[in-house]
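Engineer: Shown below is the structure under consideration.
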Amino acid sequence: YKFRVTVDDLETKPTPFTAEGRALFAATDHYQDPALRCLALGLPRLFGAPYDMEIVDAGSHYVMIHVEHNNPRRVWMDGRKPAADTQPSSLGFSVGRWEGDVLVIETTHLLPGWLDGSGLPMKGQGTRIVERYELAPDRLSMDRIMTIHDPYYTQPLVRRRGSARDDNVDISEQASCDPDSYYRDLVEAGRLERHLNGP
């Protein structure tokens, strides 16, 4: 199946920060956005990106191919558990199961990152993401709900997306990202040296 993605926001508002999460968010600068440096968005930002995706049944797992940053993602459907030495990554370790007609995916082993482009922090260690993919009876649209359990927040955060099926979508490789403008902006703002030397 191939789908076009629509956009929405994280819920609930106001954001239910812990004290640690609020302090980290307050200290965040937009120049810290990994996307500006052409780093993979990872989860949960990839889920919310308004770009096309394709889901391929590969037997023991599904492969989710996202146009954004050319990210392939595996969702294991064979009941496997992460190995003891599984390292955190931007997409984490995802396992799926069917609950009736709803695909449920749970992801752990995530790197620290941003939940969205506004800089809402994600701890990574201790973060658990649960996604629900529900196809409409006619198989022409799909509701997707992501629930983020993260130590920086006092309650789960929810992101909702709707996707429309389009078998003519071309899931081709995205042009390479060029971080030149990011470093040029730092130079123009007089912040490059501070950026290179750290806080």
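All residue names refer to the structure tokens as shown: chains lettered A, B, ... in order, residues numbered from 1 in each chain, ligands numbered from 1 in order.
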As a ChimeraX atom specification, please: the residues near Leu120 (chain A) (cut-off 7 Å, only C-alpha atoms, same-chain neighbours under 5 positions excluded).

Structural biologist: /A:25,114-115

Engineer: Only all heavy atoms, please: the residues just picked out, written as an mmCIF file, in the first residue's frame.

Structural biologist:
data_model
loop_
_atom_site.group_PDB
_atom_site.id
_atom_site.type_symbol
_atom_site.label_atom_id
_atom_site.label_comp_id
_atom_site.auth_asym_id
_atom_site.auth_seq_id
_atom_site.Cartn_x
_atom_site.Cartn_y
_atom_site.Cartn_z
ATOM 1 N N PHE A 25 13.523 22.102 27.425
ATOM 2 C CA PHE A 25 12.855 22.795 26.325
ATOM 3 C C PHE A 25 13.170 24.289 26.341
ATOM 4 O O PHE A 25 13.437 24.898 25.299
ATOM 5 C CB PHE A 25 11.342 22.571 26.404
ATOM 6 C CG PHE A 25 10.571 23.272 25.338
ATOM 7 C CD1 PHE A 25 10.693 22.896 24.009
ATOM 8 C CD2 PHE A 25 9.712 24.315 25.649
ATOM 9 C CE1 PHE A 25 9.978 23.533 23.006
ATOM 10 C CE2 PHE A 25 8.989 24.970 24.664
ATOM 11 C CZ PHE A 25 9.126 24.580 23.336
ATOM 12 N N TRP A 114 14.221 15.113 19.111
ATOM 13 C CA TRP A 114 13.105 16.055 19.191
ATOM 14 C C TRP A 114 11.828 15.337 18.793
ATOM 15 O O TRP A 114 11.831 14.516 17.876
ATOM 16 C CB TRP A 114 13.329 17.224 18.238
ATOM 17 C CG TRP A 114 14.314 18.252 18.708
ATOM 18 C CD1 TRP A 114 15.237 18.123 19.693
ATOM 19 C CD2 TRP A 114 14.459 19.578 18.183
ATOM 20 N NE1 TRP A 114 15.963 19.279 19.812
ATOM 21 C CE2 TRP A 114 15.500 20.193 18.899
ATOM 22 C CE3 TRP A 114 13.823 20.294 17.172
ATOM 23 C CZ2 TRP A 114 15.917 21.496 18.640
ATOM 24 C CZ3 TRP A 114 14.228 21.585 16.921
ATOM 25 C CH2 TRP A 114 15.261 22.196 17.656
ATOM 26 N N LEU A 115 10.720 15.679 19.460
ATOM 27 C CA LEU A 115 9.424 15.116 19.102
ATOM 28 C C LEU A 115 8.850 15.775 17.860
ATOM 29 O O LEU A 115 8.079 15.171 17.122
ATOM 30 C CB LEU A 115 8.422 15.277 20.253
ATOM 31 C CG LEU A 115 8.767 14.583 21.575
ATOM 32 C CD1 LEU A 115 7.652 14.823 22.584
ATOM 33 C CD2 LEU A 115 9.002 13.099 21.371
#

Engineer: Applying 10 Å and only C-alpha atoms, which residues near region 140-152 of chain A remain after dropping the ones on its own chain fewer than 5 positions away? List them as a ChimeraX atom specification.

Structural biologist: /A:1-5,10-11,16-25,43-44,47-48,102-107,115,120-135,157-167

Engineer: Let's see if you can do this: from backbone DSSP, list all alpha helix (DSSP H) residues in region 40-83 of chain A, as number ranges by chain.

Structural biologist: A: 45-48

Engineer: Out of A:Leu46, A:Met64, A:Ala58, A:Val95, which residue has the shortest atom-to-atom distance to Gly79 (chain A) when counting only C-alpha atoms?

Structural biologist: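 Nearest candidate to Gly79 (chain A) out of A:Leu46, A:Met64, A:Ala58, A:Val95: A:Val95.
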
Engineer: Identify which of the residues A:Ala83, A:Leu186, A:Ala35, A:Ala40 lies closest to Gly117 (chain A), counting only C-alpha atoms when measuring atom-to-atom distances.

Structural biologist: A:Ala35

Engineer: Calculated over only C-alpha atoms, which of the candidates A:Asp116, A:Asp101, A:Asp85, A:Asp170 has the smallest distance to Pro137 (chain A)?

Structural biologist: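 Closest to Pro137 (chain A) of all the choices is A:Asp101.
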
Engineer: Identify which of the residues A:Pro112, A:Gly96, A:Pro34, A:Gly42 lies closest to Lys81 (chain A), counting only C-alpha atoms when measuring atom-to-atom distances.

Structural biologist: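 Under the stated criterion, the closest residue is A:Gly96.
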
Engineer: Mind checking DSSP for region 8-185 of chain A and telling me the strand (DSSP E) residues as JSON, numbers by chain?

Structural biologist: {"A": [10, 11, 53, 54, 55, 56, 57, 61, 62, 63, 64, 65, 66, 71, 72, 73, 74, 75, 76, 93, 94, 95, 96, 97, 98, 99, 102, 103, 104, 105, 106, 107, 108, 113, 114, 121, 122, 128, 129, 130, 131, 132, 133, 134, 135, 141, 142, 143, 144, 145, 146, 147, 148, 149, 157, 158, 159, 160, 161, 162, 163, 164, 165]}

Engineer: Which distance in Å separates CA of Gln32 (chain A) and CA of Gly113 (chain A), to one decimal?

Structural biologist: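 Going from CA of Gln32 (chain A) over to CA of Gly113 (chain A), I get 10.0 Å.
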
Engineer: With only C-alpha atoms as the basis for distance, which of A:Trp98, A:Thr86, A:Leu36, A:Ile171 is at the shortest distance from Val67 (chain A)?

Structural biologist: A:Ile171

Engineer: Of the residues A:Leu196, A:Thr28, A:His109, A:Gln155, which is the one nearest to Tyr183 (chain A), using only C-alpha atoms?

Structural biologist: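 Looking only at the distances to Tyr183 (chain A), the closest residue turns out to be A:Leu196.
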